[in-house]
Structures are given as C-alpha cells and as structure tokens.
Number of protein chains: 2
Amino acid sequence: MDETDKKIIRALQRNGRLSNQDLSEKVNLSPSPCLRRVRNLEKAGVIDGYAAIVDQEAYGLPVTVFLQVRLERHGQDSVDTFEAAVARIDEIMECYLMAGDRDYLLRVVVASLADYEDFIRRRIHKIPGIASLDSSFAFGVVKRSQVLPG
Amino acid sequence: MDETDKKIIRALQRNGRLSNQDLSEKVNLSPSPCLRRVRNLEKAGVIDGYAAIVDQEAYGLPVTVFLQVRLERHGQDSVDTFEAAVARIDEIMECYLMAGDRDYLLRVVVASLADYEDFIRRRIHKIPGIASLDSSFAFGVVKRSQVLPG
DNA sequence: CCCTTATTGGCAGGACCTGCCAAAATTAGC
DNA sequence: GCTAATTTTGGCAGGTCCTGCCAATAAGGG
C-alpha cells in the first residue's frame, strides 16, 4: 500500500461515489490502473464496502445512547451468546469490546426515549448473563468523520 | 418520505455504489423516478454523502480509544473553543455532547499506544479549559453497522 | 546489461447516467 | 363521484463512464 493507494482511500472516504475518471485525475493516474488499484484494495479488504451516510435526525432517529454492558461471566459461551445477540439487534449500530472490566460499549440509535425503554426491556433484558447496564444519553453529534487519519 | 424512499435509503446504506439501474429494480421502480428520489433525498440532507468503509486495522490504525472529556467551564466560549479544536483534529473520528455532567465522548483512532500518548500530549493538552480526561481502550470491534434501524 | 516481473496507458464495446416529454396516478375541490 | 390540478412515473436519446484486453513502459534481480 503506497502513497497512491492512500490517496485513493482518502478520496473515496470523502466521496464514495467518485467516478473512476475523476478519481484517477485526483491521484495522477490514468483510469485503468486506478480502477485496478481500487479493486485490489477491495479484494484485500482494506476497502470494506461503500455506504450512503444518512442523517439520523432527518431519518427520524434523533436519540443516540451509549450503553455500557458488563457480563456476569466471561467464558466463551457467555461472550458468544452476547455477541450473537448484538449482531441481530438493528438498533445497535456499533459494539466494542473494552479493556478494563471486560465491558462492552454499544452505540444505540432509537426514535424516542419511549423506544429506548422498549429497546432495553424487549431486546437487552432478554439476553442472558448480563451483570449490569449503564446508559449515557447524547445531546447531539459534534463531529462525525469518515476519513481515517494519516 | 414514504416506504419507497426508505427502501432506497436502506439499499444505499448497504451498498453506496449500487448503480441506479440495480437500485431501481430493488425498489420496483424504473430508473428515472428512482434517480429523482435519490437526488431529492440528497438535497433534503437525508442522504448526507457517500463514503468508502475502510478497515482500520488493514489501514494500519488498530488502536481505538474512547476519551471522555470534562470542561472546566461550560460557557459558549469554552464550548466553541473545544468544539473547533475537535473539528481540526483528524484522529477524532466522532465526538458527542453527552447528558449528565456535560461531558464529551470522543472516539479516537491511532496506530499505536505511543501515538496515543503523543495525541494526548500534542493535541488534547493544548486545548484550554479541560477539567479532566478519561481514556477507555477498546480491544476490538464486535459490530459496526451502516444501516439505521426501522 | 539483460531478463523477469509489475505497473501503466490506450482502446473498444457495452453499460450506465441524465435531462426531457408525455402518460399515468394521485389528490383536492366542488 | 366527477373533474381539474398536481404529483409521480416511464421511456427515450445523447453523452459519459466502466471494464477487460493488449502492448508499452518502468522497476528490480542476477
């Protein structure tokens, strides 16, 4: 992955629908090697896909909550059960395994506070082996970037 | 925003480079009204852009840290100074204004622990008016979704 | 210095986008 | 419940863009 690849990645993070022609101009290449590099980055898994970035509020989901979860036990079974449940629940946009007390940190997106209560009761409390929950509500998003540093 | 618009949004969140023809098939429309709906969603700001999704680790940035920041004062000046600094710092991928003690929660991405120390010393400690910092390290990503629920 | 390998640029056929207009569907008013 | 106005749709045509192939160039090793 040389400097040209990095330029390609940066450009596509900023605008994932850039045409190959425009992209090739930005990175000083002709279209065909440029396209080949993009395909290689995709095959190598560096570029993991493309997504439309949607405004949560405009879409009708103004509430963001960070939910910290602690498990009762940390054996493989407990962990697998929890992570499989997380994968299935659409309201969970992100989930990180954290250092410290082996917690999980989840970013949850819902339409309202009432829906959040519903989410906790109907989705989270159904998962076995949870020791504790801690919800932190976000007033709003100050920054969200798609472009990795470097 | 009717059910067809939502189908379009869901499809483009899953694959932001879907051709208009393929998209129009998925939502049972002919290409031209489909394209018009997409453009309208873009103009309305519901679709805020398109981005390549890049694998942090494959790109050479395996370390994710959640940094909680508390400000000394919460006047407009303090807040503006902090948020302007956040906007400028590339390592900060996300920043949320949190309920509770008026904290900020930042997701920071760096290449190594040494770089994180550098980031705190050279970027964060330079910002005036910070009362306290609390760093939580992530072992890894369990889930990351681009598709909003509903 | 030559040979091997990797990378590039150009080309051609085909797919796709996009702006226009007429047709169809939906809505509102009466 | 009918008509008129408005919105949404589908089709078409010109032009742009993608993509797979081949030769040419550049880079690296013996």
# chains A, B, ... in the order shown; residues from 1 in each chain; ligands from 1
>>> residues_around(residues="Phe139 in chain B", least_positions_apart="2", cutoff="7 Å", atoms="only C-alpha atoms (C1' of nucleotides)", output="VMD selection string")
(chain A and resid 97 to 99) or (chain B and resid 137)
>>> closest_atom_pairs(of="chain D", to="chain A", cutoff="9 Å", atoms="only C-alpha atoms (C1' of nucleotides)", output="JSON lines")
{"residue": "D:DC17", "atom": "C1'", "partner": "A:Ser19", "partner_atom": "CA", "distance": 7.7}
{"residue": "D:DC18", "atom": "C1'", "partner": "A:Asn20", "partner_atom": "CA", "distance": 8.0}
{"residue": "D:DT19", "atom": "C1'", "partner": "A:Ser32", "partner_atom": "CA", "distance": 8.4}
>>> write_last_selection(atoms="N, CA and C atoms (P, O5', C5', C4', C3', O3' and C1' of nucleotides)", output="PDB file, in the first residue's frame")
ATOM      1  P    DC D  17     -17.559  11.402 -17.364  1.00  0.00           P
ATOM      2  O5'  DC D  17     -17.660   9.857 -16.971  1.00  0.00           O
ATOM      3  C5'  DC D  17     -18.850   9.369 -16.338  1.00  0.00           C
ATOM      4  C4'  DC D  17     -18.818   7.859 -16.314  1.00  0.00           C
ATOM      5  C3'  DC D  17     -17.450   7.283 -15.925  1.00  0.00           C
ATOM      6  O3'  DC D  17     -17.601   6.486 -14.770  1.00  0.00           O
ATOM      7  C1'  DC D  17     -18.348   6.223 -17.872  1.00  0.00           C
ATOM      8  P    DC D  18     -16.334   5.693 -14.169  1.00  0.00           P
ATOM      9  O5'  DC D  18     -16.591   4.191 -14.618  1.00  0.00           O
ATOM     10  C5'  DC D  18     -17.817   3.580 -14.249  1.00  0.00           C
ATOM     11  C4'  DC D  18     -17.930   2.201 -14.884  1.00  0.00           C
ATOM     12  C3'  DC D  18     -16.852   1.195 -14.454  1.00  0.00           C
ATOM     13  O3'  DC D  18     -17.500  -0.059 -14.252  1.00  0.00           O
ATOM     14  C1'  DC D  18     -16.861   1.396 -16.801  1.00  0.00           C
ATOM     15  P    DT D  19     -16.776  -1.213 -13.409  1.00  0.00           P
ATOM     16  O5'  DT D  19     -16.096  -2.122 -14.515  1.00  0.00           O
ATOM     17  C5'  DT D  19     -16.893  -2.607 -15.598  1.00  0.00           C
ATOM     18  C4'  DT D  19     -16.030  -3.332 -16.607  1.00  0.00           C
ATOM     19  C3'  DT D  19     -14.756  -3.978 -16.034  1.00  0.00           C
ATOM     20  O3'  DT D  19     -14.592  -5.251 -16.630  1.00  0.00           O
ATOM     21  C1'  DT D  19     -14.210  -2.633 -17.866  1.00  0.00           C
TER      22       DT D  19
END
>>> interface_residues(of="chain B", to="chain A", cutoff="6 Å", atoms="only C-alpha atoms", output="VMD selection string")
chain B and resid 12 to 16 46 to 55 58 90 to 91 93 to 99 137 to 145 149
>>> closest_atom_pairs(of="chain C", to="chain A", cutoff="12 Å", atoms="only C-alpha atoms (C1' of nucleotides)", output="JSON lines")
{"residue": "C:DA6", "atom": "C1'", "partner": "A:Pro33", "partner_atom": "CA", "distance": 11.8}
{"residue": "C:DT7", "atom": "C1'", "partner": "A:Pro33", "partner_atom": "CA", "distance": 7.7}
{"residue": "C:DT8", "atom": "C1'", "partner": "A:Pro33", "partner_atom": "CA", "distance": 6.3}
{"residue": "C:DG9", "atom": "C1'", "partner": "A:Ser30", "partner_atom": "CA", "distance": 6.5}
{"residue": "C:DG10", "atom": "C1'", "partner": "A:Ser32", "partner_atom": "CA", "distance": 9.2}
{"residue": "C:DC11", "atom": "C1'", "partner": "A:Ser32", "partner_atom": "CA", "distance": 11.1}
{"residue": "C:DC16", "atom": "C1'", "partner": "A:Ser19", "partner_atom": "CA", "distance": 11.9}
{"residue": "C:DC17", "atom": "C1'", "partner": "A:Ser19", "partner_atom": "CA", "distance": 11.5}
>>> residues_around(residues="DA23 in chain C", least_positions_apart="3", cutoff="12 Å", atoms="only C-alpha atoms (C1' of nucleotides)", output="list in words")
DT8, DT9, DG10 and DG11 of chain D
>>> atom_distance(atom1="CA of Pro128 in chain B", atom2="CA of Ala114 in chain B")
22.9 Å
>>> residues_around(residues="DG29 in chain C", least_positions_apart="3", cutoff="10 Å", atoms="only C-alpha atoms (C1' of nucleotides)", output="compact mmCIF listing (two decimals) with N, CA and C atoms (P, O5', C5', C4', C3', O3' and C1' of nucleotides), in the first residue's frame")
# COMPACT_ATOMS: atom_id res chain seq x y z
P DT D 3 -66.44 14.01 -15.66
O5' DT D 3 -65.57 15.30 -15.36
C5' DT D 3 -66.20 16.48 -14.80
C4' DT D 3 -65.13 17.40 -14.27
C3' DT D 3 -63.89 17.54 -15.16
O3' DT D 3 -63.58 18.92 -15.31
C1' DT D 3 -63.22 16.98 -12.97
P DA D 4 -62.53 19.44 -16.36
O5' DA D 4 -61.43 20.07 -15.40
C5' DA D 4 -61.84 20.93 -14.33
C4' DA D 4 -60.67 21.19 -13.40
C3' DA D 4 -59.35 21.48 -14.13
O3' DA D 4 -58.65 22.50 -13.43
C1' DA D 4 -59.08 19.56 -12.75
P DA D 5 -57.39 23.19 -14.04
O5' DA D 5 -56.32 22.89 -12.89
C5' DA D 5 -56.69 23.12 -11.52
C4' DA D 5 -55.67 22.46 -10.60
C3' DA D 5 -54.21 22.69 -11.00
O3' DA D 5 -53.46 23.02 -9.83
C1' DA D 5 -54.63 20.36 -10.85
>>> atom_distance(atom1="CA of Ser135 in chain B", atom2="CA of Leu113 in chain B")
11.7 Å
>>> select_by_dssp(residues="range 3-110 of chain B", states="helix (DSSP H, G or I)", output="ChimeraX atom specification")
/B:3-14,20-26,31-43,76-88
>>> select_by_dssp(residues="range 15-107 of chain A", states="strand (DSSP E)", output="PyMOL selection string")
chain A and resi 47-54+63-71+92-98+103-107
>>> write_last_selection(atoms="N, CA, C and O atoms", output="mmCIF file, in the first residue's frame")
data_model
loop_
_atom_site.group_PDB
_atom_site.id
_atom_site.type_symbol
_atom_site.label_atom_id
_atom_site.label_comp_id
_atom_site.auth_asym_id
_atom_site.auth_seq_id
_atom_site.Cartn_x
_atom_site.Cartn_y
_atom_site.Cartn_z
ATOM 1 N N ILE A 47 -10.611 -1.635 1.660
ATOM 2 C CA ILE A 47 -11.918 -1.013 1.430
ATOM 3 C C ILE A 47 -12.968 -2.101 1.628
ATOM 4 O O ILE A 47 -13.021 -3.076 0.890
ATOM 5 N N ASP A 48 -13.774 -1.915 2.662
ATOM 6 C CA ASP A 48 -14.666 -2.981 3.115
ATOM 7 C C ASP A 48 -16.070 -2.809 2.542
ATOM 8 O O ASP A 48 -16.973 -3.597 2.843
ATOM 9 N N GLY A 49 -16.273 -1.789 1.733
ATOM 10 C CA GLY A 49 -17.589 -1.545 1.163
ATOM 11 C C GLY A 49 -17.817 -0.058 1.005
ATOM 12 O O GLY A 49 -16.903 0.749 1.262
ATOM 13 N N TYR A 50 -19.022 0.268 0.581
ATOM 14 C CA TYR A 50 -19.395 1.665 0.377
ATOM 15 C C TYR A 50 -20.775 1.860 0.999
ATOM 16 O O TYR A 50 -21.598 0.941 0.956
ATOM 17 N N ALA A 51 -21.006 3.043 1.550
ATOM 18 C CA ALA A 51 -22.293 3.260 2.210
ATOM 19 C C ALA A 51 -22.752 4.683 2.022
ATOM 20 O O ALA A 51 -21.944 5.621 1.994
ATOM 21 N N ALA A 52 -24.060 4.846 1.881
ATOM 22 C CA ALA A 52 -24.642 6.174 1.955
ATOM 23 C C ALA A 52 -24.626 6.606 3.417
ATOM 24 O O ALA A 52 -24.945 5.815 4.304
ATOM 25 N N ILE A 53 -24.223 7.845 3.660
ATOM 26 C CA ILE A 53 -24.226 8.401 5.014
ATOM 27 C C ILE A 53 -25.563 9.098 5.218
ATOM 28 O O ILE A 53 -25.900 10.039 4.490
ATOM 29 N N VAL A 54 -26.332 8.620 6.185
ATOM 30 C CA VAL A 54 -27.688 9.124 6.387
ATOM 31 C C VAL A 54 -27.758 9.945 7.666
ATOM 32 O O VAL A 54 -27.192 9.553 8.691
ATOM 33 N N VAL A 63 -32.378 10.034 18.733
ATOM 34 C CA VAL A 63 -31.832 9.677 20.041
ATOM 35 C C VAL A 63 -30.652 8.711 19.915
ATOM 36 O O VAL A 63 -30.784 7.629 19.339
ATOM 37 N N THR A 64 -29.495 9.136 20.429
ATOM 38 C CA THR A 64 -28.310 8.281 20.492
ATOM 39 C C THR A 64 -27.976 8.013 21.949
ATOM 40 O O THR A 64 -27.900 8.952 22.746
ATOM 41 N N VAL A 65 -27.776 6.745 22.279
ATOM 42 C CA VAL A 65 -27.429 6.367 23.645
ATOM 43 C C VAL A 65 -26.211 5.459 23.612
ATOM 44 O O VAL A 65 -26.127 4.559 22.766
ATOM 45 N N PHE A 66 -25.274 5.724 24.520
ATOM 46 C CA PHE A 66 -24.150 4.804 24.701
ATOM 47 C C PHE A 66 -24.469 3.917 25.882
ATOM 48 O O PHE A 66 -24.749 4.408 26.980
ATOM 49 N N LEU A 67 -24.431 2.633 25.638
ATOM 50 C CA LEU A 67 -24.828 1.659 26.647
ATOM 51 C C LEU A 67 -23.613 0.809 27.000
ATOM 52 O O LEU A 67 -23.036 0.146 26.130
ATOM 53 N N GLN A 68 -23.247 0.849 28.288
ATOM 54 C CA GLN A 68 -22.130 0.020 28.737
ATOM 55 C C GLN A 68 -22.677 -1.220 29.406
ATOM 56 O O GLN A 68 -23.553 -1.146 30.272
ATOM 57 N N VAL A 69 -22.160 -2.362 28.993
ATOM 58 C CA VAL A 69 -22.671 -3.653 29.451
ATOM 59 C C VAL A 69 -21.552 -4.417 30.143
ATOM 60 O O VAL A 69 -20.429 -4.472 29.632
ATOM 61 N N ARG A 70 -21.878 -4.981 31.302
ATOM 62 C CA ARG A 70 -20.927 -5.878 31.955
ATOM 63 C C ARG A 70 -21.560 -7.264 32.021
ATOM 64 O O ARG A 70 -22.737 -7.385 32.346
ATOM 65 N N LEU A 71 -20.791 -8.294 31.707
ATOM 66 C CA LEU A 71 -21.314 -9.658 31.766
ATOM 67 C C LEU A 71 -21.033 -10.278 33.129
ATOM 68 O O LEU A 71 -20.074 -9.913 33.796
ATOM 69 N N ILE A 92 -28.513 -1.474 17.520
ATOM 70 C CA ILE A 92 -27.106 -1.376 17.925
ATOM 71 C C ILE A 92 -26.262 -1.116 16.686
ATOM 72 O O ILE A 92 -26.068 -1.995 15.854
ATOM 73 N N MET A 93 -25.784 0.108 16.577
ATOM 74 C CA MET A 93 -25.007 0.489 15.398
ATOM 75 C C MET A 93 -23.544 0.086 15.527
ATOM 76 O O MET A 93 -22.890 -0.234 14.542
ATOM 77 N N GLU A 94 -23.020 0.156 16.749
ATOM 78 C CA GLU A 94 -21.634 -0.213 16.976
ATOM 79 C C GLU A 94 -21.525 -0.937 18.306
ATOM 80 O O GLU A 94 -22.283 -0.646 19.232
ATOM 81 N N CYS A 95 -20.573 -1.841 18.391
ATOM 82 C CA CYS A 95 -20.291 -2.527 19.649
ATOM 83 C C CYS A 95 -18.801 -2.783 19.746
ATOM 84 O O CYS A 95 -18.206 -3.343 18.827
ATOM 85 N N TYR A 96 -18.195 -2.360 20.875
ATOM 86 C CA TYR A 96 -16.762 -2.538 21.099
ATOM 87 C C TYR A 96 -16.536 -3.371 22.347
ATOM 88 O O TYR A 96 -17.247 -3.194 23.347
ATOM 89 N N LEU A 97 -15.573 -4.266 22.264
ATOM 90 C CA LEU A 97 -15.108 -4.971 23.448
ATOM 91 C C LEU A 97 -14.051 -4.102 24.105
ATOM 92 O O LEU A 97 -13.062 -3.730 23.477
ATOM 93 N N MET A 98 -14.281 -3.775 25.389
ATOM 94 C CA MET A 98 -13.428 -2.775 26.032
ATOM 95 C C MET A 98 -12.437 -3.399 27.004
ATOM 96 O O MET A 98 -12.711 -4.427 27.622
ATOM 97 N N ASP A 103 -15.815 -4.837 29.677
ATOM 98 C CA ASP A 103 -17.121 -4.300 29.348
ATOM 99 C C ASP A 103 -17.309 -4.237 27.854
ATOM 100 O O ASP A 103 -16.347 -4.305 27.090
ATOM 101 N N TYR A 104 -18.548 -4.089 27.458
ATOM 102 C CA TYR A 104 -18.866 -3.733 26.084
ATOM 103 C C TYR A 104 -19.397 -2.311 26.076
ATOM 104 O O TYR A 104 -20.077 -1.889 27.013
ATOM 105 N N LEU A 105 -19.097 -1.600 25.011
ATOM 106 C CA LEU A 105 -19.671 -0.278 24.796
ATOM 107 C C LEU A 105 -20.469 -0.314 23.506
ATOM 108 O O LEU A 105 -19.937 -0.663 22.446
ATOM 109 N N LEU A 106 -21.764 0.015 23.605
ATOM 110 C CA LEU A 106 -22.634 -0.027 22.436
ATOM 111 C C LEU A 106 -23.146 1.366 22.110
ATOM 112 O O LEU A 106 -23.482 2.128 23.003
ATOM 113 N N ARG A 107 -23.213 1.680 20.825
ATOM 114 C CA ARG A 107 -23.928 2.891 20.399
ATOM 115 C C ARG A 107 -25.292 2.457 19.867
ATOM 116 O O ARG A 107 -25.366 1.663 18.932
#
>>> closest_residue(among="A:Ile124, A:Gln76, A:Arg36, A:Ser112", to="Arg88 in chain A", atoms="only C-alpha atoms")
A:Ile124
>>> residues_around(residues="range 2-5 of chain B", least_positions_apart="6", cutoff="8 Å", atoms="only C-alpha atoms (C1' of nucleotides)", output="number ranges by chain")
B: 27, 37-38, 41
>>> write_last_selection(atoms="all heavy atoms", output="compact mmCIF listing (two decimals), in the first residue's frame")
# COMPACT_ATOMS: atom_id res chain seq x y z
N VAL B 27 -36.24 -1.54 -5.77
CA VAL B 27 -37.37 -0.83 -5.17
C VAL B 27 -38.58 -0.80 -6.10
O VAL B 27 -39.55 -0.06 -5.84
CB VAL B 27 -36.98 0.61 -4.77
CG1 VAL B 27 -35.79 0.58 -3.82
CG2 VAL B 27 -36.64 1.45 -5.98
N ARG B 37 -35.75 10.38 -6.89
CA ARG B 37 -35.92 10.22 -5.45
C ARG B 37 -34.57 10.31 -4.73
O ARG B 37 -34.45 10.95 -3.67
CB ARG B 37 -36.59 8.88 -5.14
CG ARG B 37 -38.10 8.92 -5.29
CD ARG B 37 -38.68 7.51 -5.21
NE ARG B 37 -40.13 7.51 -5.33
CZ ARG B 37 -40.96 7.58 -4.30
NH1 ARG B 37 -40.48 7.69 -3.07
NH2 ARG B 37 -42.26 7.56 -4.48
N VAL B 38 -33.56 9.68 -5.30
CA VAL B 38 -32.24 9.73 -4.68
C VAL B 38 -31.75 11.17 -4.60
O VAL B 38 -31.29 11.63 -3.56
CB VAL B 38 -31.23 8.86 -5.45
CG1 VAL B 38 -29.82 9.07 -4.91
CG2 VAL B 38 -31.61 7.39 -5.35
N LEU B 41 -33.53 13.05 -1.89
CA LEU B 41 -33.05 12.68 -0.55
C LEU B 41 -31.70 13.33 -0.28
O LEU B 41 -31.40 13.73 0.85
CB LEU B 41 -32.94 11.15 -0.43
CG LEU B 41 -34.28 10.41 -0.35
CD1 LEU B 41 -34.08 8.91 -0.56
CD2 LEU B 41 -34.97 10.66 0.98
>>> closest_residue(among="C:DC1, C:DG14, C:DC20, C:DA28", to="DG29 in chain D", atoms="only C-alpha atoms (C1' of nucleotides)")
C:DC1
>>> decode(residues="range 23-144 of chain A", atoms="C-alpha atoms", output="PDB file, in the first residue's frame")
ATOM      1  CA  LEU A  23     -10.605   9.606  -9.016  1.00  0.00           C
ATOM      2  CA  SER A  24      -7.839   8.829 -11.487  1.00  0.00           C
ATOM      3  CA  GLU A  25      -7.312  12.548 -12.097  1.00  0.00           C
ATOM      4  CA  LYS A  26      -7.092  13.256  -8.372  1.00  0.00           C
ATOM      5  CA  VAL A  27      -4.343  10.660  -7.934  1.00  0.00           C
ATOM      6  CA  ASN A  28      -2.482  11.415 -11.189  1.00  0.00           C
ATOM      7  CA  LEU A  29      -3.116   8.113 -12.892  1.00  0.00           C
ATOM      8  CA  SER A  30      -4.953   7.029 -15.972  1.00  0.00           C
ATOM      9  CA  PRO A  31      -8.320   5.344 -15.408  1.00  0.00           C
ATOM     10  CA  SER A  32      -7.323   1.726 -15.852  1.00  0.00           C
ATOM     11  CA  PRO A  33      -4.507   1.349 -13.313  1.00  0.00           C
ATOM     12  CA  CYS A  34      -6.598   3.452 -10.957  1.00  0.00           C
ATOM     13  CA  LEU A  35      -9.528   1.076 -11.222  1.00  0.00           C
ATOM     14  CA  ARG A  36      -7.205  -1.883 -10.741  1.00  0.00           C
ATOM     15  CA  ARG A  37      -5.844  -0.392  -7.531  1.00  0.00           C
ATOM     16  CA  VAL A  38      -9.358   0.187  -6.226  1.00  0.00           C
ATOM     17  CA  ARG A  39     -10.342  -3.414  -6.987  1.00  0.00           C
ATOM     18  CA  ASN A  40      -7.189  -4.679  -5.257  1.00  0.00           C
ATOM     19  CA  LEU A  41      -7.934  -2.601  -2.164  1.00  0.00           C
ATOM     20  CA  GLU A  42     -11.438  -4.060  -2.164  1.00  0.00           C
ATOM     21  CA  LYS A  43     -10.174  -7.638  -2.537  1.00  0.00           C
ATOM     22  CA  ALA A  44      -7.577  -7.112   0.189  1.00  0.00           C
ATOM     23  CA  GLY A  45     -10.361  -5.936   2.495  1.00  0.00           C
ATOM     24  CA  VAL A  46      -8.862  -2.506   3.062  1.00  0.00           C
ATOM     25  CA  ILE A  47     -11.918  -1.013   1.430  1.00  0.00           C
ATOM     26  CA  ASP A  48     -14.666  -2.981   3.115  1.00  0.00           C
ATOM     27  CA  GLY A  49     -17.589  -1.545   1.163  1.00  0.00           C
ATOM     28  CA  TYR A  50     -19.395   1.665   0.377  1.00  0.00           C
ATOM     29  CA  ALA A  51     -22.293   3.260   2.210  1.00  0.00           C
ATOM     30  CA  ALA A  52     -24.642   6.174   1.955  1.00  0.00           C
ATOM     31  CA  ILE A  53     -24.226   8.401   5.014  1.00  0.00           C
ATOM     32  CA  VAL A  54     -27.688   9.124   6.387  1.00  0.00           C
ATOM     33  CA  ASP A  55     -28.642  11.947   8.743  1.00  0.00           C
ATOM     34  CA  GLN A  56     -30.100  10.217  11.814  1.00  0.00           C
ATOM     35  CA  GLU A  57     -32.397  13.081  12.721  1.00  0.00           C
ATOM     36  CA  ALA A  58     -33.690  13.666   9.211  1.00  0.00           C
ATOM     37  CA  TYR A  59     -34.381   9.946   9.050  1.00  0.00           C
ATOM     38  CA  GLY A  60     -36.409  10.175  12.253  1.00  0.00           C
ATOM     39  CA  LEU A  61     -33.957   8.708  14.756  1.00  0.00           C
ATOM     40  CA  PRO A  62     -32.808  11.625  16.899  1.00  0.00           C
ATOM     41  CA  VAL A  63     -31.832   9.677  20.041  1.00  0.00           C
ATOM     42  CA  THR A  64     -28.310   8.281  20.492  1.00  0.00           C
ATOM     43  CA  VAL A  65     -27.429   6.367  23.645  1.00  0.00           C
ATOM     44  CA  PHE A  66     -24.150   4.804  24.701  1.00  0.00           C
ATOM     45  CA  LEU A  67     -24.828   1.659  26.647  1.00  0.00           C
ATOM     46  CA  GLN A  68     -22.130   0.020  28.737  1.00  0.00           C
ATOM     47  CA  VAL A  69     -22.671  -3.653  29.451  1.00  0.00           C
ATOM     48  CA  ARG A  70     -20.927  -5.878  31.955  1.00  0.00           C
ATOM     49  CA  LEU A  71     -21.314  -9.658  31.766  1.00  0.00           C
ATOM     50  CA  GLU A  72     -21.683 -11.940  34.769  1.00  0.00           C
ATOM     51  CA  ARG A  73     -19.216 -14.458  33.381  1.00  0.00           C
ATOM     52  CA  HIS A  74     -16.597 -14.074  30.685  1.00  0.00           C
ATOM     53  CA  GLY A  75     -16.337 -17.606  29.367  1.00  0.00           C
ATOM     54  CA  GLN A  76     -16.526 -18.275  25.664  1.00  0.00           C
ATOM     55  CA  ASP A  77     -20.194 -19.272  25.886  1.00  0.00           C
ATOM     56  CA  SER A  78     -21.330 -16.087  27.597  1.00  0.00           C
ATOM     57  CA  VAL A  79     -19.347 -13.949  25.199  1.00  0.00           C
ATOM     58  CA  ASP A  80     -20.599 -15.784  22.100  1.00  0.00           C
ATOM     59  CA  THR A  81     -24.216 -15.570  23.241  1.00  0.00           C
ATOM     60  CA  PHE A  82     -23.938 -11.857  23.880  1.00  0.00           C
ATOM     61  CA  GLU A  83     -22.120 -11.027  20.664  1.00  0.00           C
ATOM     62  CA  ALA A  84     -24.547 -13.071  18.580  1.00  0.00           C
ATOM     63  CA  ALA A  85     -27.441 -11.165  20.146  1.00  0.00           C
ATOM     64  CA  VAL A  86     -25.723  -7.853  19.429  1.00  0.00           C
ATOM     65  CA  ALA A  87     -25.288  -8.809  15.795  1.00  0.00           C
ATOM     66  CA  ARG A  88     -29.019  -9.446  15.458  1.00  0.00           C
ATOM     67  CA  ILE A  89     -30.270  -6.219  17.042  1.00  0.00           C
ATOM     68  CA  ASP A  90     -30.650  -3.461  14.459  1.00  0.00           C
ATOM     69  CA  GLU A  91     -30.705  -0.567  16.928  1.00  0.00           C
ATOM     70  CA  ILE A  92     -27.106  -1.376  17.925  1.00  0.00           C
ATOM     71  CA  MET A  93     -25.007   0.489  15.398  1.00  0.00           C
ATOM     72  CA  GLU A  94     -21.634  -0.213  16.976  1.00  0.00           C
ATOM     73  CA  CYS A  95     -20.291  -2.527  19.649  1.00  0.00           C
ATOM     74  CA  TYR A  96     -16.762  -2.538  21.099  1.00  0.00           C
ATOM     75  CA  LEU A  97     -15.108  -4.971  23.448  1.00  0.00           C
ATOM     76  CA  MET A  98     -13.428  -2.775  26.032  1.00  0.00           C
ATOM     77  CA  ALA A  99     -10.363  -3.102  28.202  1.00  0.00           C
ATOM     78  CA  GLY A 100     -10.760  -2.586  31.926  1.00  0.00           C
ATOM     79  CA  ASP A 101     -13.510  -4.692  33.470  1.00  0.00           C
ATOM     80  CA  ARG A 102     -14.198  -6.515  30.192  1.00  0.00           C
ATOM     81  CA  ASP A 103     -17.121  -4.300  29.348  1.00  0.00           C
ATOM     82  CA  TYR A 104     -18.866  -3.733  26.084  1.00  0.00           C
ATOM     83  CA  LEU A 105     -19.671  -0.278  24.796  1.00  0.00           C
ATOM     84  CA  LEU A 106     -22.634  -0.027  22.436  1.00  0.00           C
ATOM     85  CA  ARG A 107     -23.928   2.891  20.399  1.00  0.00           C
ATOM     86  CA  VAL A 108     -27.695   2.592  20.185  1.00  0.00           C
ATOM     87  CA  VAL A 109     -29.963   4.617  17.909  1.00  0.00           C
ATOM     88  CA  VAL A 110     -33.721   4.966  18.507  1.00  0.00           C
ATOM     89  CA  ALA A 111     -36.570   7.357  17.700  1.00  0.00           C
ATOM     90  CA  SER A 112     -37.513   8.384  21.238  1.00  0.00           C
ATOM     91  CA  LEU A 113     -36.963   7.820  24.931  1.00  0.00           C
ATOM     92  CA  ALA A 114     -40.013   5.577  25.000  1.00  0.00           C
ATOM     93  CA  ASP A 115     -38.463   3.473  22.255  1.00  0.00           C
ATOM     94  CA  TYR A 116     -35.270   3.271  24.262  1.00  0.00           C
ATOM     95  CA  GLU A 117     -37.115   1.869  27.262  1.00  0.00           C
ATOM     96  CA  ASP A 118     -38.723  -0.604  24.903  1.00  0.00           C
ATOM     97  CA  PHE A 119     -35.331  -1.483  23.456  1.00  0.00           C
ATOM     98  CA  ILE A 120     -33.872  -2.204  26.901  1.00  0.00           C
ATOM     99  CA  ARG A 121     -36.872  -4.250  28.060  1.00  0.00           C
ATOM    100  CA  ARG A 122     -37.519  -6.199  24.867  1.00  0.00           C
ATOM    101  CA  ARG A 123     -34.021  -6.629  23.477  1.00  0.00           C
ATOM    102  CA  ILE A 124     -31.338  -6.222  26.123  1.00  0.00           C
ATOM    103  CA  HIS A 125     -33.056  -7.752  29.153  1.00  0.00           C
ATOM    104  CA  LYS A 126     -33.763 -10.857  27.065  1.00  0.00           C
ATOM    105  CA  ILE A 127     -30.043 -11.557  26.705  1.00  0.00           C
ATOM    106  CA  PRO A 128     -28.866 -13.902  29.477  1.00  0.00           C
ATOM    107  CA  GLY A 129     -25.774 -13.323  31.570  1.00  0.00           C
ATOM    108  CA  ILE A 130     -25.749  -9.549  31.811  1.00  0.00           C
ATOM    109  CA  ALA A 131     -24.456  -8.253  35.155  1.00  0.00           C
ATOM    110  CA  SER A 132     -25.041  -4.529  34.748  1.00  0.00           C
ATOM    111  CA  LEU A 133     -26.112  -1.812  32.334  1.00  0.00           C
ATOM    112  CA  ASP A 134     -25.238   1.852  32.222  1.00  0.00           C
ATOM    113  CA  SER A 135     -26.872   4.216  29.730  1.00  0.00           C
ATOM    114  CA  SER A 136     -25.388   7.571  28.745  1.00  0.00           C
ATOM    115  CA  PHE A 137     -27.518   9.832  26.581  1.00  0.00           C
ATOM    116  CA  ALA A 138     -26.072  12.065  23.903  1.00  0.00           C
ATOM    117  CA  PHE A 139     -27.480  15.554  23.369  1.00  0.00           C
ATOM    118  CA  GLY A 140     -26.045  15.665  19.898  1.00  0.00           C
ATOM    119  CA  VAL A 141     -23.260  14.941  17.469  1.00  0.00           C
ATOM    120  CA  VAL A 142     -20.410  17.460  17.446  1.00  0.00           C
ATOM    121  CA  LYS A 143     -18.353  15.654  14.826  1.00  0.00           C
ATOM    122  CA  ARG A 144     -18.507  12.549  12.717  1.00  0.00           C
TER     123      ARG A 144
END
